[in-house]
Amino acid sequence: MDIPYIIVAGGKGLRMGADLPKQYIEINGKPIIYYTISNLLKAGVKRFIIVIDLIYLEYLKKFLNQLNANIKYVSGGKERIDSVINGLKALEKNDNIVAIHDSVRPFVSIQMINRLYSKICDSKFDAVVPALIIKDTIKVVADDKIESTLVRANVRRIGTPQLVKVRAYLEAIENSKDKTNNLTDDSSILEINGNSVGVVIGEEENFKITDMYDLKIFKLLLGEN
């Protein structure tokens, strides 16, 4: 399973309210992104394309060089989709499938990676994403007023890694480049273009560190006092 992982790490992490982007917040002397790359290596990932704000390049290398991983670094873009496109440009010519992953989802298991890979090999899907069931009732709200209630059985929480077929993804970007505003996940561009996106069962532990509460949970799972 030698497919490259694009690690999207160019965000500013404003919701965390920290001085640094959240992927560079140090826990036990190492930034969060270090744990993400380390755990992906343990899960069998062999190649990485890390998309970052290059002002953090030397800082990041100081930690990631310790892992002796196969890493390419590329510059991030204005929006997430721009960063992903920059990552795609760094692929090798024979890369047919690529994974796109958030830099602040450190707890990815080999079991989930294998589920995603097995599913993407089914030719009817152009992408495969991890999905979690919704436990709470979901309402559509506008101006502090409930407008409608969604059918919970049909709603999922979508995370990363998201595995995509490179040719289909590039075609979707080209066909839908005027519709990329406000996309919050990578497979959405394929949905817009009419491509098929499959799902596998996700894992609660594979959460995204977005705010201080998430950071507390990360520290607990990491075993920090």
# chains A, B, ... in the order shown; residues from 1 in each chain; ligands from 1

call {"tool": "select_by_dssp", "arguments": {"residues": "range 3-211 of chain A", "states": "helix (DSSP H, G or I)", "output": "PDB file with C-alpha atoms, in the first residue's frame"}}
result
ATOM      1  CA  LEU A  14      -7.656  30.604  14.593  1.00  0.00           C
ATOM      2  CA  ARG A  15     -10.268  28.765  16.660  1.00  0.00           C
ATOM      3  CA  MET A  16      -7.581  27.502  19.010  1.00  0.00           C
ATOM      4  CA  LYS A  22      -2.505  24.486  16.181  1.00  0.00           C
ATOM      5  CA  GLN A  23      -0.455  21.923  14.257  1.00  0.00           C
ATOM      6  CA  TYR A  24       2.697  23.426  15.796  1.00  0.00           C
ATOM      7  CA  ILE A  32       0.959  17.968  17.179  1.00  0.00           C
ATOM      8  CA  ILE A  33       1.854  17.317  13.530  1.00  0.00           C
ATOM      9  CA  TYR A  34       4.820  15.236  14.713  1.00  0.00           C
ATOM     10  CA  TYR A  35       2.424  12.783  16.381  1.00  0.00           C
ATOM     11  CA  THR A  36       0.292  12.656  13.235  1.00  0.00           C
ATOM     12  CA  ILE A  37       3.236  11.742  11.007  1.00  0.00           C
ATOM     13  CA  SER A  38       4.665   9.341  13.593  1.00  0.00           C
ATOM     14  CA  ASN A  39       1.399   7.409  13.924  1.00  0.00           C
ATOM     15  CA  LEU A  40       0.904   7.261  10.153  1.00  0.00           C
ATOM     16  CA  LEU A  41       4.386   5.788   9.827  1.00  0.00           C
ATOM     17  CA  LYS A  42       3.470   3.155  12.411  1.00  0.00           C
ATOM     18  CA  LEU A  54       7.092  27.844   4.482  1.00  0.00           C
ATOM     19  CA  ILE A  55       7.957  30.220   7.329  1.00  0.00           C
ATOM     20  CA  TYR A  56       7.598  27.123   9.576  1.00  0.00           C
ATOM     21  CA  LEU A  57       9.707  24.857   7.360  1.00  0.00           C
ATOM     22  CA  GLU A  58      12.942  24.806   9.369  1.00  0.00           C
ATOM     23  CA  TYR A  59      11.035  24.603  12.649  1.00  0.00           C
ATOM     24  CA  LEU A  60       9.111  21.570  11.407  1.00  0.00           C
ATOM     25  CA  LYS A  61      12.136  19.838   9.910  1.00  0.00           C
ATOM     26  CA  LYS A  62      13.848  20.014  13.289  1.00  0.00           C
ATOM     27  CA  PHE A  63      11.257  17.541  14.597  1.00  0.00           C
ATOM     28  CA  LEU A  64      10.295  15.484  11.560  1.00  0.00           C
ATOM     29  CA  ASN A  65      13.893  14.754  10.530  1.00  0.00           C
ATOM     30  CA  GLN A  66      14.016  12.591  13.658  1.00  0.00           C
ATOM     31  CA  LEU A  67      11.514  10.220  12.034  1.00  0.00           C
ATOM     32  CA  ARG A  80      -7.524  24.488   1.551  1.00  0.00           C
ATOM     33  CA  ILE A  81      -8.279  23.464  -2.034  1.00  0.00           C
ATOM     34  CA  ASP A  82      -5.299  25.540  -3.211  1.00  0.00           C
ATOM     35  CA  SER A  83      -3.052  23.753  -0.718  1.00  0.00           C
ATOM     36  CA  VAL A  84      -4.293  20.368  -1.890  1.00  0.00           C
ATOM     37  CA  ILE A  85      -3.658  21.324  -5.526  1.00  0.00           C
ATOM     38  CA  ASN A  86      -0.089  22.285  -4.591  1.00  0.00           C
ATOM     39  CA  GLY A  87       0.291  18.896  -2.934  1.00  0.00           C
ATOM     40  CA  LEU A  88      -1.030  17.110  -6.019  1.00  0.00           C
ATOM     41  CA  ILE A 110      -3.868   0.909  10.568  1.00  0.00           C
ATOM     42  CA  GLN A 111      -7.317  -0.746  10.599  1.00  0.00           C
ATOM     43  CA  MET A 112      -8.996   2.386   9.251  1.00  0.00           C
ATOM     44  CA  ILE A 113      -6.264   2.966   6.691  1.00  0.00           C
ATOM     45  CA  ASN A 114      -6.761  -0.594   5.448  1.00  0.00           C
ATOM     46  CA  ARG A 115     -10.541  -0.138   5.258  1.00  0.00           C
ATOM     47  CA  LEU A 116     -10.127   2.999   3.166  1.00  0.00           C
ATOM     48  CA  TYR A 117      -7.610   1.396   0.830  1.00  0.00           C
ATOM     49  CA  SER A 118      -9.698  -1.727   0.288  1.00  0.00           C
ATOM     50  CA  LYS A 119     -12.741   0.381  -0.554  1.00  0.00           C
ATOM     51  CA  ILE A 120     -10.974   2.723  -2.987  1.00  0.00           C
ATOM     52  CA  ARG A 152     -30.319  11.490  11.659  1.00  0.00           C
ATOM     53  CA  ALA A 153     -30.069   8.067  10.030  1.00  0.00           C
ATOM     54  CA  ASN A 154     -28.995   9.722   6.774  1.00  0.00           C
ATOM     55  CA  VAL A 166      -5.877  11.269  -8.842  1.00  0.00           C
ATOM     56  CA  ARG A 167      -7.182  11.546 -12.405  1.00  0.00           C
ATOM     57  CA  ALA A 168     -10.814  11.855 -11.319  1.00  0.00           C
ATOM     58  CA  TYR A 169      -9.871  14.401  -8.670  1.00  0.00           C
ATOM     59  CA  LEU A 170      -7.916  16.591 -11.078  1.00  0.00           C
ATOM     60  CA  GLU A 171     -10.777  16.456 -13.587  1.00  0.00           C
ATOM     61  CA  ALA A 172     -13.268  17.423 -10.890  1.00  0.00           C
ATOM     62  CA  ILE A 173     -11.129  20.399  -9.871  1.00  0.00           C
ATOM     63  CA  GLU A 174     -10.864  21.538 -13.490  1.00  0.00           C
ATOM     64  CA  ASN A 175     -14.595  21.150 -14.125  1.00  0.00           C
ATOM     65  CA  LYS A 177     -13.038  25.350 -10.073  1.00  0.00           C
ATOM     66  CA  ASP A 178     -15.650  28.125  -9.919  1.00  0.00           C
ATOM     67  CA  LYS A 179     -17.535  26.226  -7.163  1.00  0.00           C
ATOM     68  CA  SER A 188     -16.817  17.689  -1.863  1.00  0.00           C
ATOM     69  CA  ILE A 189     -15.271  18.735  -5.169  1.00  0.00           C
ATOM     70  CA  LEU A 190     -15.974  15.237  -6.474  1.00  0.00           C
ATOM     71  CA  GLU A 191     -19.576  15.385  -5.245  1.00  0.00           C
ATOM     72  CA  ILE A 192     -20.060  18.689  -7.052  1.00  0.00           C
ATOM     73  CA  ASN A 193     -18.714  17.130 -10.231  1.00  0.00           C
TER      74      ASN A 193
END

call {"tool": "select_by_dssp", "arguments": {"residues": "range 57-99 of chain A", "states": "strand (DSSP E)", "output": "list in words"}}
result
Asn70, Ile71, Lys72, Tyr73, Val74, Ser75, Ile97, Val98 and Ala99 of chain A

call {"tool": "write_last_selection", "arguments": {"atoms": "N, CA and C atoms", "output": "tab-separated table (two decimals), in the first residue's frame"}}
result
chain	number	residue	atom	x	y	z
A	70	ASN	N	10.10	9.64	4.44
A	70	ASN	CA	10.17	10.14	3.07
A	70	ASN	C	9.16	11.29	2.95
A	71	ILE	N	9.67	12.52	3.04
A	71	ILE	CA	8.80	13.69	3.10
A	71	ILE	C	9.19	14.71	2.04
A	72	LYS	N	8.20	15.20	1.29
A	72	LYS	CA	8.36	16.38	0.44
A	72	LYS	C	7.59	17.52	1.12
A	73	TYR	N	8.16	18.71	1.09
A	73	TYR	CA	7.49	19.89	1.64
A	73	TYR	C	7.11	20.82	0.49
A	74	VAL	N	5.85	21.27	0.49
A	74	VAL	CA	5.42	22.23	-0.53
A	74	VAL	C	4.67	23.36	0.16
A	75	SER	N	4.60	24.47	-0.53
A	75	SER	CA	3.98	25.67	0.03
A	75	SER	C	2.45	25.57	0.00
A	97	ILE	N	-3.54	6.88	-6.84
A	97	ILE	CA	-4.38	7.14	-5.66
A	97	ILE	C	-3.57	7.96	-4.69
A	98	VAL	N	-4.21	8.92	-4.04
A	98	VAL	CA	-3.55	9.73	-3.03
A	98	VAL	C	-4.49	9.89	-1.84
A	99	ALA	N	-3.90	9.97	-0.67
A	99	ALA	CA	-4.69	10.23	0.55
A	99	ALA	C	-4.47	11.68	0.96

call {"tool": "closest_residue", "arguments": {"among": "A:Gln162, A:Ser123, A:Asn68, A:Ser148", "to": "Val108 in chain A", "atoms": "only C-alpha atoms"}}
result
A:Gln162

call {"tool": "closest_residue", "arguments": {"among": "A:Ile201, A:Leu132, A:Leu221, A:Ile6", "to": "Val164 in chain A", "atoms": "only C-alpha atoms"}}
result
A:Ile6

call {"tool": "atom_distance", "arguments": {"atom1": "CA of Ala9 in chain A", "atom2": "CA of Ile134 in chain A"}}
result
27.0 Å

call {"tool": "atom_distance", "arguments": {"atom1": "CA of Glu147 in chain A", "atom2": "CA of Asp186 in chain A"}}
result
27.7 Å

call {"tool": "closest_residue", "arguments": {"among": "A:Asp19, A:Glu79, A:Glu92, A:Glu205", "to": "Pro4 in chain A", "atoms": "only C-alpha atoms"}}
result
A:Glu92

call {"tool": "decode", "arguments": {"residues": "range 166-212 of chain A", "atoms": "N, CA and C atoms", "output": "CSV table (one decimal), in the first residue's frame"}}
result
chain,number,residue,atom,x,y,z
A,166,VAL,N,-6.5,10.0,-8.4
A,166,VAL,CA,-5.9,11.3,-8.8
A,166,VAL,C,-6.5,11.8,-10.1
A,167,ARG,N,-6.7,11.0,-11.1
A,167,ARG,CA,-7.2,11.5,-12.4
A,167,ARG,C,-8.6,12.1,-12.2
A,168,ALA,N,-9.4,11.4,-11.5
A,168,ALA,CA,-10.8,11.9,-11.3
A,168,ALA,C,-10.8,13.1,-10.5
A,169,TYR,N,-9.9,13.2,-9.5
A,169,TYR,CA,-9.9,14.4,-8.7
A,169,TYR,C,-9.4,15.6,-9.5
A,170,LEU,N,-8.4,15.5,-10.3
A,170,LEU,CA,-7.9,16.6,-11.1
A,170,LEU,C,-9.0,17.1,-12.1
A,171,GLU,N,-9.7,16.1,-12.7
A,171,GLU,CA,-10.8,16.5,-13.6
A,171,GLU,C,-11.9,17.2,-12.9
A,172,ALA,N,-12.2,16.8,-11.7
A,172,ALA,CA,-13.3,17.4,-10.9
A,172,ALA,C,-12.9,18.9,-10.5
A,173,ILE,N,-11.6,19.0,-10.2
A,173,ILE,CA,-11.1,20.4,-9.9
A,173,ILE,C,-11.2,21.3,-11.1
A,174,GLU,N,-10.8,20.8,-12.3
A,174,GLU,CA,-10.9,21.5,-13.5
A,174,GLU,C,-12.3,21.9,-13.9
A,175,ASN,N,-13.2,20.9,-13.7
A,175,ASN,CA,-14.6,21.1,-14.1
A,175,ASN,C,-15.4,22.0,-13.2
A,176,SER,N,-14.9,22.1,-11.9
A,176,SER,CA,-15.7,22.8,-10.9
A,176,SER,C,-14.9,23.9,-10.1
A,177,LYS,N,-13.9,24.4,-10.8
A,177,LYS,CA,-13.0,25.4,-10.1
A,177,LYS,C,-13.7,26.7,-9.7
A,178,ASP,N,-14.9,26.9,-10.3
A,178,ASP,CA,-15.7,28.1,-9.9
A,178,ASP,C,-16.6,27.8,-8.8
A,179,LYS,N,-16.6,26.6,-8.2
A,179,LYS,CA,-17.5,26.2,-7.2
A,179,LYS,C,-16.8,25.8,-5.9
A,180,THR,N,-15.6,26.2,-5.7
A,180,THR,CA,-14.8,25.7,-4.6
A,180,THR,C,-14.9,26.5,-3.3
A,181,ASN,N,-15.6,27.6,-3.4
A,181,ASN,CA,-15.8,28.5,-2.2
A,181,ASN,C,-16.5,27.7,-1.1
A,182,ASN,N,-15.9,27.9,0.1
A,182,ASN,CA,-16.6,27.4,1.4
A,182,ASN,C,-16.6,25.8,1.4
A,183,LEU,N,-15.8,25.1,0.6
A,183,LEU,CA,-15.7,23.7,0.8
A,183,LEU,C,-15.0,23.4,2.0
A,184,THR,N,-15.5,22.5,2.9
A,184,THR,CA,-14.9,22.2,4.2
A,184,THR,C,-14.2,20.8,4.2
A,185,ASP,N,-14.4,20.0,3.1
A,185,ASP,CA,-13.7,18.7,3.0
A,185,ASP,C,-13.4,18.5,1.6
A,186,ASP,N,-12.4,17.6,1.4
A,186,ASP,CA,-11.7,17.4,0.1
A,186,ASP,C,-12.6,16.7,-0.9
A,187,SER,N,-13.4,15.7,-0.5
A,187,SER,CA,-14.2,15.0,-1.4
A,187,SER,C,-15.4,15.8,-2.0
A,188,SER,N,-15.7,16.9,-1.4
A,188,SER,CA,-16.8,17.7,-1.9
A,188,SER,C,-16.7,18.1,-3.3
A,189,ILE,N,-15.5,18.3,-3.8
A,189,ILE,CA,-15.3,18.7,-5.2
A,189,ILE,C,-15.7,17.6,-6.1
A,190,LEU,N,-15.5,16.4,-5.7
A,190,LEU,CA,-16.0,15.2,-6.5
A,190,LEU,C,-17.5,15.1,-6.5
A,191,GLU,N,-18.1,15.4,-5.3
A,191,GLU,CA,-19.6,15.4,-5.2
A,191,GLU,C,-20.2,16.4,-6.2
A,192,ILE,N,-19.6,17.6,-6.2
A,192,ILE,CA,-20.1,18.7,-7.1
A,192,ILE,C,-20.0,18.3,-8.5
A,193,ASN,N,-18.9,17.5,-8.8
A,193,ASN,CA,-18.7,17.1,-10.2
A,193,ASN,C,-19.5,15.9,-10.6
A,194,GLY,N,-20.2,15.3,-9.7
A,194,GLY,CA,-21.0,14.1,-10.0
A,194,GLY,C,-20.3,12.8,-9.8
A,195,ASN,N,-19.1,12.8,-9.3
A,195,ASN,CA,-18.3,11.6,-9.1
A,195,ASN,C,-18.9,10.8,-7.9
A,196,SER,N,-18.5,9.5,-7.8
A,196,SER,CA,-19.0,8.7,-6.7
A,196,SER,C,-18.0,8.7,-5.5
A,197,VAL,N,-18.6,8.9,-4.3
A,197,VAL,CA,-17.7,8.9,-3.1
A,197,VAL,C,-18.3,7.9,-2.2
A,198,GLY,N,-17.5,6.9,-1.8
A,198,GLY,CA,-17.9,5.9,-0.9
A,198,GLY,C,-17.5,6.2,0.6
A,199,VAL,N,-18.0,5.5,1.5
A,199,VAL,CA,-17.7,5.7,2.9
A,199,VAL,C,-17.3,4.4,3.6
A,200,VAL,N,-16.4,4.5,4.6
A,200,VAL,CA,-16.1,3.4,5.5
A,200,VAL,C,-16.4,3.8,6.9
A,201,ILE,N,-16.5,2.9,7.8
A,201,ILE,CA,-16.7,3.2,9.2
A,201,ILE,C,-15.5,4.0,9.8
A,202,GLY,N,-15.7,5.2,10.3
A,202,GLY,CA,-14.6,5.9,10.9
A,202,GLY,C,-14.4,5.5,12.4
A,203,GLU,N,-13.5,6.3,13.0
A,203,GLU,CA,-13.2,6.0,14.4
A,203,GLU,C,-13.2,7.3,15.2
A,204,GLU,N,-13.9,7.2,16.4
A,204,GLU,CA,-14.0,8.4,17.3
A,204,GLU,C,-12.6,9.0,17.7
A,205,GLU,N,-11.7,8.1,17.9
A,205,GLU,CA,-10.3,8.5,18.3
A,205,GLU,C,-9.6,9.3,17.2
A,206,ASN,N,-10.1,9.2,16.0
A,206,ASN,CA,-9.5,10.0,14.9
A,206,ASN,C,-10.1,11.4,14.8
A,207,PHE,N,-10.2,12.1,15.9
A,207,PHE,CA,-10.8,13.4,15.9
A,207,PHE,C,-9.9,14.5,15.5
A,208,LYS,N,-10.4,15.6,15.1
A,208,LYS,CA,-9.6,16.7,14.7
A,208,LYS,C,-9.4,17.7,15.9
A,209,ILE,N,-8.2,18.1,16.1
A,209,ILE,CA,-7.9,19.0,17.2
A,209,ILE,C,-8.2,20.4,16.7
A,210,THR,N,-9.3,21.0,17.2
A,210,THR,CA,-9.7,22.3,16.7
A,210,THR,C,-9.7,23.4,17.8
A,211,ASP,N,-10.1,23.0,19.0
A,211,ASP,CA,-10.1,24.0,20.1
A,211,ASP,C,-9.5,23.4,21.3
A,212,MET,N,-9.6,24.2,22.4
A,212,MET,CA,-8.9,23.8,23.7
A,212,MET,C,-9.4,22.6,24.3
